[in-house]
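Colleague: Next up, work.cif (mmCIF, C-alpha atoms and all ligand atoms).
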data_input
#
loop_
_atom_site.label_atom_id
_atom_site.label_comp_id
_atom_site.auth_asym_id
_atom_site.auth_seq_id
_atom_site.Cartn_x
_atom_site.Cartn_y
_atom_site.Cartn_z
CA MET V 360 -6.94 0.16 10.52
CA ARG V 361 -6.99 -2.13 7.50
CA LEU V 362 -4.11 -2.00 5.07
CA SER V 363 -3.17 -4.06 2.05
CA TYR V 364 -0.34 -4.14 -0.43
CA SER V 365 -2.21 -1.72 -2.70
CA SER V 366 -3.08 0.73 0.04
CA ILE V 367 0.43 0.74 1.54
CA SER V 368 2.05 1.15 -1.83
CA THR V 369 -0.43 3.89 -2.76
CA TYR V 370 0.29 5.72 0.49
CA GLU V 371 4.03 5.44 0.03
CA THR V 372 3.77 6.75 -3.54
CA CYS V 373 1.41 9.60 -2.71
CA PRO V 374 -0.39 10.05 0.63
CA ALA V 375 -3.00 12.34 -0.99
CA LYS V 376 -3.90 9.66 -3.50
CA TYR V 377 -4.34 7.20 -0.62
CA ARG V 378 -6.77 9.61 1.04
CA PHE V 379 -8.81 10.13 -2.13
CA GLN V 380 -8.94 6.41 -2.88
CA TYR V 381 -9.22 4.71 0.50
CA GLU V 382 -10.58 7.32 2.91
CA ASP V 383 -12.78 9.47 0.68
CA LYS V 384 -13.52 6.51 -1.63
CA LEU V 385 -13.78 8.76 -4.68
CA PRO V 386 -14.80 6.93 -7.86
CA ARG V 387 -12.06 5.74 -10.21
CA SER V 388 -12.28 5.21 -13.91
CA GLY V 389 -11.55 1.78 -15.35
CA SER V 390 -8.68 1.18 -17.73
CA PRO V 391 -7.80 -1.49 -20.28
CA ALA V 392 -4.78 -2.51 -18.18
CA LEU V 393 -6.90 -3.06 -15.04
CA SER V 394 -9.60 -4.98 -16.84
CA PHE V 395 -7.07 -7.07 -18.76
CA GLY V 396 -5.10 -7.91 -15.61
CA ASP V 397 -8.24 -8.92 -13.71
CA THR V 398 -9.39 -11.18 -16.51
CA LEU V 399 -6.03 -12.96 -16.76
CA HIS V 400 -5.99 -13.49 -13.00
CA ARG V 401 -9.50 -14.98 -12.99
CA THR V 402 -8.73 -17.19 -15.97
CA LEU V 403 -5.57 -18.55 -14.36
CA TYR V 404 -7.54 -19.21 -11.19
CA ARG V 405 -9.87 -21.44 -13.22
CA PHE V 406 -6.92 -23.10 -14.94
CA HIS V 407 -5.30 -24.13 -11.65
CA ASP V 408 -8.50 -24.87 -9.73
CA ARG V 409 -8.58 -28.63 -10.50
CA PRO V 410 -9.32 -31.68 -8.39
CA VAL V 411 -6.69 -33.74 -10.27
CA PRO V 412 -3.12 -32.86 -11.27
CA VAL V 413 -3.91 -32.74 -14.98
CA ALA V 414 -3.82 -29.44 -16.83
CA PRO V 415 -6.85 -28.37 -18.85
CA SER V 416 -6.20 -28.34 -22.60
CA LEU V 417 -5.36 -25.11 -24.39
CA GLU V 418 -8.86 -25.07 -25.89
CA GLU V 419 -10.33 -25.34 -22.40
CA LEU V 420 -8.05 -22.53 -21.22
CA HIS V 421 -9.23 -20.31 -24.06
CA GLU V 422 -12.85 -21.15 -23.20
CA MET V 423 -12.12 -20.10 -19.61
CA LEU V 424 -10.79 -16.80 -20.93
CA GLN V 425 -13.99 -16.29 -22.90
CA LEU V 426 -16.07 -16.98 -19.77
CA GLU V 427 -14.05 -14.56 -17.65
CA TRP V 428 -13.72 -11.82 -20.24
CA ALA V 429 -15.18 -8.46 -19.14
CA SER V 430 -15.71 -5.64 -21.62
CA GLU V 431 -15.45 -2.84 -19.04
CA GLY V 432 -12.48 -0.50 -19.26
CA TYR V 433 -11.86 -0.72 -23.04
CA ARG V 434 -12.38 2.35 -25.19
CA ASP V 435 -14.19 0.59 -28.03
CA PRO V 436 -14.77 -2.89 -29.50
CA SER V 437 -11.66 -2.74 -31.68
CA GLU V 438 -9.43 -2.02 -28.66
CA GLU V 439 -11.18 -4.81 -26.77
CA LEU V 440 -10.55 -7.23 -29.61
CA LEU V 441 -6.85 -6.39 -29.67
CA TYR V 442 -6.59 -7.10 -25.95
CA LEU V 443 -8.57 -10.32 -26.32
CA ASP V 444 -6.19 -11.56 -29.03
CA HIS V 445 -3.26 -10.62 -26.87
CA ALA V 446 -4.75 -12.50 -23.91
CA ARG V 447 -5.17 -15.62 -26.06
CA GLN V 448 -1.50 -15.48 -27.09
CA ILE V 449 -0.34 -14.94 -23.51
CA LEU V 450 -2.39 -17.89 -22.28
CA ALA V 451 -1.14 -20.11 -25.12
CA GLU V 452 2.42 -19.35 -24.00
CA TYR V 453 1.45 -19.93 -20.37
CA HIS V 454 -0.07 -23.28 -21.29
CA ARG V 455 3.02 -24.29 -23.25
CA ALA V 456 5.28 -23.47 -20.30
CA ASN V 457 3.12 -24.91 -17.50
CA ALA V 458 0.87 -27.73 -18.74
CA ASP V 459 3.48 -30.51 -18.44
CA SER V 460 4.56 -29.56 -14.92
CA PHE V 461 0.96 -28.96 -13.76
CA ARG V 462 0.37 -29.66 -10.07
CA ILE V 463 -2.47 -28.92 -7.70
CA PRO V 464 -1.50 -25.75 -5.84
CA ALA V 465 -1.22 -25.67 -2.06
CA ALA V 466 -3.30 -22.46 -2.11
CA LEU V 467 -5.12 -20.55 -4.82
CA GLU V 468 -6.36 -16.96 -4.65
CA TYR V 469 -6.07 -17.21 -0.89
CA ARG V 470 -7.61 -14.22 0.86
CA PHE V 471 -5.95 -13.42 4.17
CA SER V 472 -6.35 -11.00 7.00
CA VAL V 473 -3.67 -10.98 9.69
CA GLU V 474 -2.83 -8.56 12.44
CA VAL V 475 0.57 -6.89 12.12
CA GLU V 476 1.63 -4.10 14.49
CA GLY V 477 -2.03 -3.47 15.41
CA VAL V 478 -2.97 -3.18 11.72
CA GLN V 479 -5.31 -5.59 9.94
CA LEU V 480 -3.22 -6.59 6.94
CA THR V 481 -5.37 -8.00 4.13
CA GLY V 482 -4.58 -9.36 0.71
CA MET V 483 -4.88 -12.23 -1.70
CA ILE V 484 -2.10 -14.62 -2.63
CA ASP V 485 -2.53 -15.64 -6.29
CA ARG V 486 -1.00 -19.08 -5.81
CA MET V 487 1.22 -21.08 -3.51
CA ASP V 488 2.90 -24.26 -4.78
CA ARG V 489 4.73 -27.04 -3.02
CA ILE V 490 8.28 -27.18 -4.32
CA PRO V 491 9.22 -30.77 -5.32
CA GLY V 492 11.68 -31.89 -2.65
CA GLY V 493 10.25 -29.61 0.02
CA GLY V 494 9.22 -26.08 0.79
CA TYR V 495 6.73 -23.64 -0.65
CA GLU V 496 6.75 -21.07 -3.42
CA ILE V 497 4.41 -18.08 -3.53
CA VAL V 498 3.56 -16.96 -7.06
CA ASP V 499 2.08 -13.60 -8.00
CA TYR V 500 1.01 -12.88 -11.58
CA LYS V 501 2.02 -9.60 -13.14
CA THR V 502 0.90 -8.02 -16.39
CA ASN V 503 3.74 -5.50 -16.79
CA ARG V 504 5.12 -5.32 -20.30
CA ARG V 505 8.76 -5.31 -19.23
CA LEU V 506 10.74 -7.14 -16.61
CA PRO V 507 11.87 -4.92 -13.72
CA PRO V 508 15.50 -4.83 -12.58
CA ARG V 509 16.48 -7.66 -10.23
CA ALA V 510 16.94 -5.20 -7.32
CA VAL V 511 13.29 -4.16 -7.64
CA VAL V 512 12.10 -7.77 -7.30
CA ASP V 513 14.40 -8.29 -4.32
CA GLN V 514 12.71 -5.31 -2.62
CA ASP V 515 9.17 -5.95 -3.91
CA LEU V 516 6.70 -4.92 -1.23
CA GLN V 517 3.96 -7.29 -2.33
CA LEU V 518 6.18 -10.37 -2.07
CA SER V 519 7.46 -9.20 1.32
CA LEU V 520 3.86 -8.87 2.55
CA TYR V 521 2.96 -12.33 1.30
CA TYR V 522 6.03 -13.77 2.99
CA LEU V 523 5.00 -12.16 6.25
CA ALA V 524 1.39 -13.29 5.80
CA ALA V 525 2.44 -16.91 5.08
CA ARG V 526 4.43 -16.95 8.31
CA GLU V 527 1.49 -15.58 10.27
CA ILE V 528 -1.24 -17.71 8.65
CA TRP V 529 0.42 -21.07 8.10
CA GLY V 530 3.53 -20.75 10.24
CA ILE V 531 5.74 -21.50 7.22
CA GLU V 532 8.67 -19.68 5.68
CA PRO V 533 8.18 -19.80 1.90
CA GLU V 534 11.48 -20.80 0.29
CA ARG V 535 10.78 -18.95 -2.91
CA LEU V 536 8.74 -15.87 -3.85
CA THR V 537 8.05 -15.45 -7.54
CA LEU V 538 6.67 -12.74 -9.76
CA TYR V 539 5.35 -14.39 -12.91
CA PHE V 540 5.39 -11.79 -15.69
CA LEU V 541 2.72 -13.10 -18.04
CA LEU V 542 3.42 -10.83 -21.03
CA PRO V 543 7.08 -11.72 -21.52
CA GLY V 544 6.29 -15.17 -20.01
CA GLU V 545 9.17 -14.92 -17.50
CA ARG V 546 9.45 -15.70 -13.81
CA MET V 547 11.63 -13.77 -11.41
CA SER V 548 12.16 -15.39 -8.02
CA THR V 549 13.55 -14.04 -4.81
CA VAL V 550 13.72 -14.85 -1.10
CA ARG V 551 12.95 -13.06 2.15
CA THR V 552 14.36 -13.50 5.63
CA THR V 553 13.20 -12.94 9.18
CA ALA V 554 15.10 -9.62 9.15
CA ASP V 555 13.11 -8.56 6.05
CA ALA V 556 9.88 -9.45 7.87
CA ASP V 557 10.94 -7.33 10.86
CA ARG V 558 11.78 -4.38 8.60
CA LEU V 559 8.40 -4.75 6.93
CA ARG V 560 6.62 -4.67 10.28
CA ARG V 561 8.29 -1.34 11.05
CA ARG V 562 7.41 -0.04 7.59
CA ILE V 563 3.74 -0.97 8.09
CA ALA V 564 3.77 0.67 11.52
CA VAL V 565 5.19 3.92 10.06
CA VAL V 566 2.53 4.03 7.32
CA ALA V 567 -0.23 3.30 9.85
CA GLU V 568 1.06 6.01 12.21
CA ARG V 569 1.26 8.59 9.43
CA ILE V 570 -2.27 7.77 8.26
CA ALA V 571 -3.59 7.95 11.83
CA ALA V 572 -1.86 11.32 12.21
CA GLY V 573 -3.72 12.60 9.11
CA LYS V 574 -0.62 13.13 6.96
CA PHE V 575 -1.92 13.17 3.41
CA GLU V 576 0.40 15.45 1.47
CA ALA V 577 0.26 15.34 -2.34
CA ARG V 578 3.51 13.98 -3.72
CA GLN V 579 4.39 14.44 -7.39
CA ASN V 580 5.44 11.11 -8.86
CA PRO V 581 5.77 9.38 -12.26
CA LEU V 582 2.22 7.96 -11.98
CA CYS V 583 0.55 11.38 -11.70
CA ASP V 584 -0.25 11.38 -15.41
CA TRP V 585 -2.51 8.35 -14.91
CA CYS V 586 -4.02 9.39 -11.57
CA ASP V 587 -7.82 9.49 -11.42
CA PHE V 588 -7.73 12.16 -8.73
CA GLN V 589 -5.97 14.97 -10.57
CA PRO V 590 -9.13 17.17 -10.60
CA VAL V 591 -9.14 17.24 -6.78
CA CYS V 592 -5.38 17.10 -6.24
CA PRO V 593 -3.84 20.36 -4.96
CA LEU V 594 -1.00 19.99 -7.47
CA PHE V 595 -3.34 19.95 -10.47
CA ARG V 596 -6.37 21.87 -9.20
CA HIS V 597 -5.78 25.01 -11.24
CA LYS V 598 -5.50 23.05 -14.49
CA TYR V 599 -9.02 21.65 -14.03
CA GLU V 600 -10.49 24.89 -12.70
CA ARG V 601 -9.29 26.64 -15.85
CA GLU V 602 -11.34 24.23 -17.96
CA GLN V 603 -14.47 25.64 -16.28
CA GLY V 604 -13.33 29.27 -16.73
CA ASP V 605 -10.03 30.61 -15.43
CA PRO V 606 -10.49 31.84 -11.82
CA ALA V 607 -7.39 34.09 -12.08
CA PRO V 608 -6.76 35.12 -15.72
CA ARG V 609 -4.28 37.84 -14.72
CA MET V 610 -2.16 35.23 -12.96
CA THR V 611 -2.33 32.96 -16.01
CA GLU V 612 -0.87 35.84 -18.06
CA MET V 613 1.94 36.24 -15.57
CA VAL V 614 2.65 32.52 -15.64
CA ASP V 615 2.78 32.65 -19.45
CA GLU V 616 5.24 35.54 -19.31
CA TRP V 617 7.35 33.72 -16.72
CA ILE V 618 7.41 30.57 -18.87
CA ALA V 619 8.49 32.57 -21.94
CA LEU V 620 11.34 34.18 -19.97
CA LYS V 621 12.45 30.82 -18.57
CA ARG V 622 12.61 29.41 -22.09
CA GLU V 623 14.72 32.35 -23.21
CA ASP V 624 16.99 31.65 -20.25
CA TRP V 625 17.48 28.07 -21.40
CA GLU V 626 18.27 29.14 -24.93
CA ARG V 627 20.85 31.58 -23.60
CA TYR V 628 22.29 28.98 -21.24
CA ARG V 629 22.62 26.44 -24.05
CA ARG V 630 24.37 28.95 -26.30
CA LEU V 631 26.65 30.02 -23.42
CA GLU V 632 27.62 26.40 -22.83
CA ASP V 633 28.33 25.84 -26.55
CA LEU V 634 30.49 28.98 -26.72
CA ARG V 635 32.29 28.09 -23.51
CA ALA V 636 33.24 24.65 -24.86
CA LEU V 637 34.48 26.15 -28.16
CA ILE V 638 36.54 28.87 -26.43
CA ASN V 639 38.03 26.39 -23.92
CA ALA V 640 38.96 24.01 -26.74
CA PHE V 641 40.59 26.79 -28.80
CA CYS V 642 42.59 28.05 -25.79
CA GLU V 643 43.72 24.51 -24.96
CA GLU V 644 44.83 23.82 -28.52
CA HIS V 645 46.65 27.12 -29.12
CA GLY V 646 48.03 27.82 -25.66
CA TYR V 647 45.91 30.90 -24.85
CA ARG V 648 44.69 31.63 -21.34
CA ARG V 649 42.29 34.36 -22.41
CA LEU V 650 40.74 35.57 -25.65
CA TYR V 651 39.80 39.19 -26.23
CA GLY V 652 36.58 40.37 -27.81
CA SER V 653 35.81 43.98 -28.81
CA ASP V 654 34.70 44.83 -25.31
CA GLY V 655 36.18 42.46 -22.73
CA SER V 656 37.80 39.06 -22.66
CA ALA V 657 36.91 35.41 -22.06
CA VAL V 658 39.24 33.81 -19.50
CA ASP V 659 40.00 30.14 -19.82
CA ARG V 660 39.83 28.62 -16.35
CA ARG V 661 41.87 25.45 -15.99
CA PRO V 662 40.09 22.52 -14.36
CA MET V 663 40.50 22.54 -10.62
CA HIS V 664 41.01 19.39 -8.58
CA VAL V 665 38.63 19.38 -5.67
CA THR V 666 39.55 17.09 -2.80
CA ALA V 667 36.99 15.86 -0.32
CA PRO V 668 37.98 15.88 3.35
CA ASP V 669 38.69 12.47 4.89
CA GLU V 670 36.24 12.63 7.76
CA ALA V 671 37.68 9.73 9.77
CA ARG V 672 41.18 11.18 9.55
CA ILE V 673 40.06 14.65 10.57
CA ARG V 674 38.14 13.19 13.46
CA ARG V 675 41.18 11.21 14.65
CA THR V 676 43.21 14.40 14.55
CA LEU V 677 40.75 16.81 16.14
CA GLU V 678 38.94 14.63 18.65
CA PRO V 679 41.88 14.25 21.08
CA LEU V 680 42.19 18.06 21.09
CA GLY V 681 38.48 18.47 21.88
CA LEU V 682 38.00 20.35 18.57
CA TRP V 683 35.88 17.81 16.65
CA GLU V 684 32.62 19.36 17.88
CA GLN V 685 33.62 22.62 16.21
CA VAL V 686 33.60 21.19 12.69
CA ILE V 687 30.60 18.86 12.69
CA SER V 688 27.31 20.38 11.67
CA VAL V 689 23.83 19.38 10.55
CA ASP V 690 23.54 19.22 6.78
CA PRO V 691 20.18 20.91 6.01
CA LYS V 692 19.86 19.07 2.69
CA LYS V 693 20.35 15.68 4.34
CA LEU V 694 17.91 16.62 7.08
CA THR V 695 15.30 17.60 4.49
CA SER V 696 15.73 14.39 2.55
CA LEU V 697 15.45 12.40 5.79
CA ILE V 698 12.14 14.13 6.57
CA GLU V 699 10.87 13.83 3.02
CA GLY V 700 11.78 10.14 2.96
CA ARG V 701 8.55 9.66 4.98
CA SER V 702 10.07 6.80 6.92
CA LEU V 703 9.99 8.58 10.27
CA PRO V 704 7.28 8.19 12.89
CA PRO V 705 5.04 11.31 12.79
CA ASP V 706 6.16 12.59 16.21
CA VAL V 707 9.84 12.40 15.19
CA GLU V 708 9.04 14.07 11.87
CA ASP V 709 7.08 16.82 13.63
CA ALA V 710 9.93 17.39 16.09
CA LEU V 711 12.43 17.70 13.23
CA LEU V 712 10.13 20.02 11.31
CA ALA V 713 9.68 22.14 14.43
CA SER V 714 13.46 22.29 14.85
CA ARG V 715 13.63 24.04 11.47
CA GLU V 716 11.07 26.72 12.27
CA GLU V 717 13.69 29.43 12.53
CA VAL V 718 14.70 28.92 8.91
CA ARG V 719 12.77 31.27 6.62
CA THR V 720 10.52 29.73 3.98
CA GLN V 721 12.20 30.01 0.65
CA TYR V 722 9.88 30.11 -2.34
CA SER V 723 11.00 28.96 -5.74
CA LEU V 724 9.43 28.21 -9.09
CA TYR V 725 10.48 25.71 -11.64
CA LEU V 726 9.12 25.19 -15.09
CA LYS V 727 7.60 21.86 -16.08
CA ASP V 728 7.82 22.31 -19.81
CA PRO V 729 6.05 19.83 -22.10
CA ALA V 730 7.71 21.52 -25.12
CA ARG V 731 11.15 20.82 -23.67
CA ALA V 732 10.27 17.20 -22.80
CA ARG V 733 9.29 16.63 -26.44
CA ARG V 734 12.65 17.89 -27.74
S1 LIG O 801 -2.10 13.53 -9.19
FE1 LIG O 801 -0.15 12.83 -8.34
S2 LIG O 801 0.17 14.11 -6.54
FE2 LIG O 801 -2.00 14.31 -7.09
S3 LIG O 801 -3.05 12.76 -5.90
FE3 LIG O 801 -2.59 11.83 -7.85
S4 LIG O 801 -0.61 10.79 -7.53
FE4 LIG O 801 -0.87 12.26 -5.86
#
What does this structure look like when you write it as structure tokens?
Modeller:
Amino acid sequence: MRLSYSSISTYETCPAKYRFQYEDKLPRSGSPALSFGDTLHRTLYRFHDRPVPVAPSLEELHEMLQLEWASEGYRDPSEELLYLDHARQILAEYHRANADSFRIPAALEYRFSVEVEGVQLTGMIDRMDRIPGGGYEIVDYKTNRRLPPRAVVDQDLQLSLYYLAAREIWGIEPERLTLYFLLPGERMSTVRTTADADRLRRRIAVVAERIAAGKFEARQNPLCDWCDFQPVCPLFRHKYEREQGDPAPRMTEMVDEWIALKREDWERYRRLEDLRALINAFCEEHGYRRLYGSDGSAVDRRPMHVTAPDEARIRRTLEPLGLWEQVISVDPKKLTSLIEGRSLPPDVEDALLASREEVRTQYSLYLKDPARARR
């Protein structure tokens, strides 16, 4: 099995998307962001690919951009022009920040393929630099608009993979791993340890096992709106079928009715909450415990203090009496989230799923309401 940063991350985000993209190899549509990112990467490759440690001039860098520019993925020439202008500005900033400290990289767009846990791990390291004074820094260019939180960089899968690859290929431990965010022109650096590499090996093994076991469930996630595979995805199938003629118009009517009732529910709930707050506030201010209407009363419930049991203390008390076993139990919610965390080997996951077979399947519906999201 061959895996890369993209395929692992795709699988972890949505196994169905992985299947459509890497197993079924369904075609994908281009996008401005993809095309723009590729061009910047290729241009920076040219910029750093020098026999002498002297940076090309800004004019030369802009010429390189022109040579590497690809028109695919843009909606129309005016959108393309906007992106081209933006690329020129980004590269001008990059040149300003990097020309003086220009050095010949230790590695540039280095393609690797190493075996990890029986998996062929492939990828390409954008750049590796020697750090003055000793050590190596791996640099990966990013074209995100905003900087991610520090914790995200410290957990970044791509940097972890490159760290592991550098150890396997060159036998070195890179001292610094950097994401270079080209749009804001900022670097964010982090480190990895041997323990991180070991954790990553296990993570790769779990993904590989799940793929080998044919686990390709569709998983709703924030990137669904931009997914090329919506027309074949079980979560969105009906939406696309309807465009060709609704296969179940009666059901569509029922769904419409259900949505209308759900919206009424929300309106009622909102009004109930408003009234509750007003009644509670009035009771509090005027010393009432209940207020009477024409046909019943509203009772003001005082806040209750809920105390959580101190598990260690209870255990210390009950264990010597042999009663501890009578109060511990499996929390079904925690069990479900453990299974849905997709970090378990398939056989363990299957065994846990099988252990729940006695529990009846509970169906539920929830409304994804674009009208509500807009409010
Ligand atoms: S639309 Fe969402 S759930 Fe469906 S395949 Fe794409 S990412 Fe997965």
Colleague: Would you please work out which residue, of V:Arg387, V:Arg569, V:Arg601, V:Arg674, is nearest to ligand LIG 801 (chain O) when using all atoms listed in the file?
Modeller: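 For ligand LIG 801 (chain O), the nearest of the candidates is V:Arg387.
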Colleague: Determine the nearest neighbour of ligand LIG 801 (chain O) from the options V:Tyr725, V:Phe406, V:Tyr651, V:Tyr599, counting all atoms listed in the file.
Modeller: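 The closest residue to ligand LIG 801 (chain O) is V:Tyr599.
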Colleague: Using only C-alpha atoms and all ligand atoms, determine which residues fall within 10 Å of ligand LIG 801 (chain O), then list them as an NGL selection string.
Modeller: :V and (369-370 or 372-380 or 575-596)
Colleague: Excluding Val565 in chain V and any residue of its chain fewer than 6 positions from it, enumerate the residues within 12 Å of it, using all atoms listed in the file, and give them as a PyMOL selection string.
Modeller: chain V and resi 367+370-371+475-478+558-559+571-572+574+700-708
Colleague: Within 9 Å of Ser548 in chain V, counting all atoms listed in the file, which residues qualify if same-chain residues fewer than 5 places away don't, as a PDB file with C-alpha atoms, keeping the file's coordinate frame?
Modeller:
ATOM      1  CA  VAL V 498       3.560 -16.960  -7.060  1.00  0.00           C
ATOM      2  CA  VAL V 512      12.100  -7.770  -7.300  1.00  0.00           C
ATOM      3  CA  ASP V 513      14.400  -8.290  -4.320  1.00  0.00           C
ATOM      4  CA  ARG V 535      10.780 -18.950  -2.910  1.00  0.00           C
ATOM      5  CA  LEU V 536       8.740 -15.870  -3.850  1.00  0.00           C
ATOM      6  CA  THR V 537       8.050 -15.450  -7.540  1.00  0.00           C
ATOM      7  CA  LEU V 538       6.670 -12.740  -9.760  1.00  0.00           C
ATOM      8  CA  TYR V 539       5.350 -14.390 -12.910  1.00  0.00           C
TER       9      TYR V 539
END
Colleague: If we count only C-alpha atoms and set the cut-off at 6 Å, which residues sit around range 483-489 of chain V, ignoring sequence neighbours fewer than 4 positions away in its own chain? Please answer as a PyMOL selection string.
Modeller: chain V and resi 464-470+494-499
Colleague: Between CA of Pro533 in chain V and CA of Pro491 in chain V, what distance in Å does the model show, to one decimal?
Modeller: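 These two atoms are separated by 13.2 Å.
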Colleague: Using all atoms listed in the file for the distances, tell me which of V:Pro386, V:Pro729, V:Pro415, V:Pro508 is nearest to Ala451 in chain V.
Modeller: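 Among the listed residues, V:Pro415 lies closest to Ala451 in chain V.
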Colleague: Considering all atoms listed in the file, state which residue in the set V:Leu542, V:Leu520, V:Leu506, V:Leu694 is at the smallest distance from His445 in chain V.
Modeller: V:Leu542
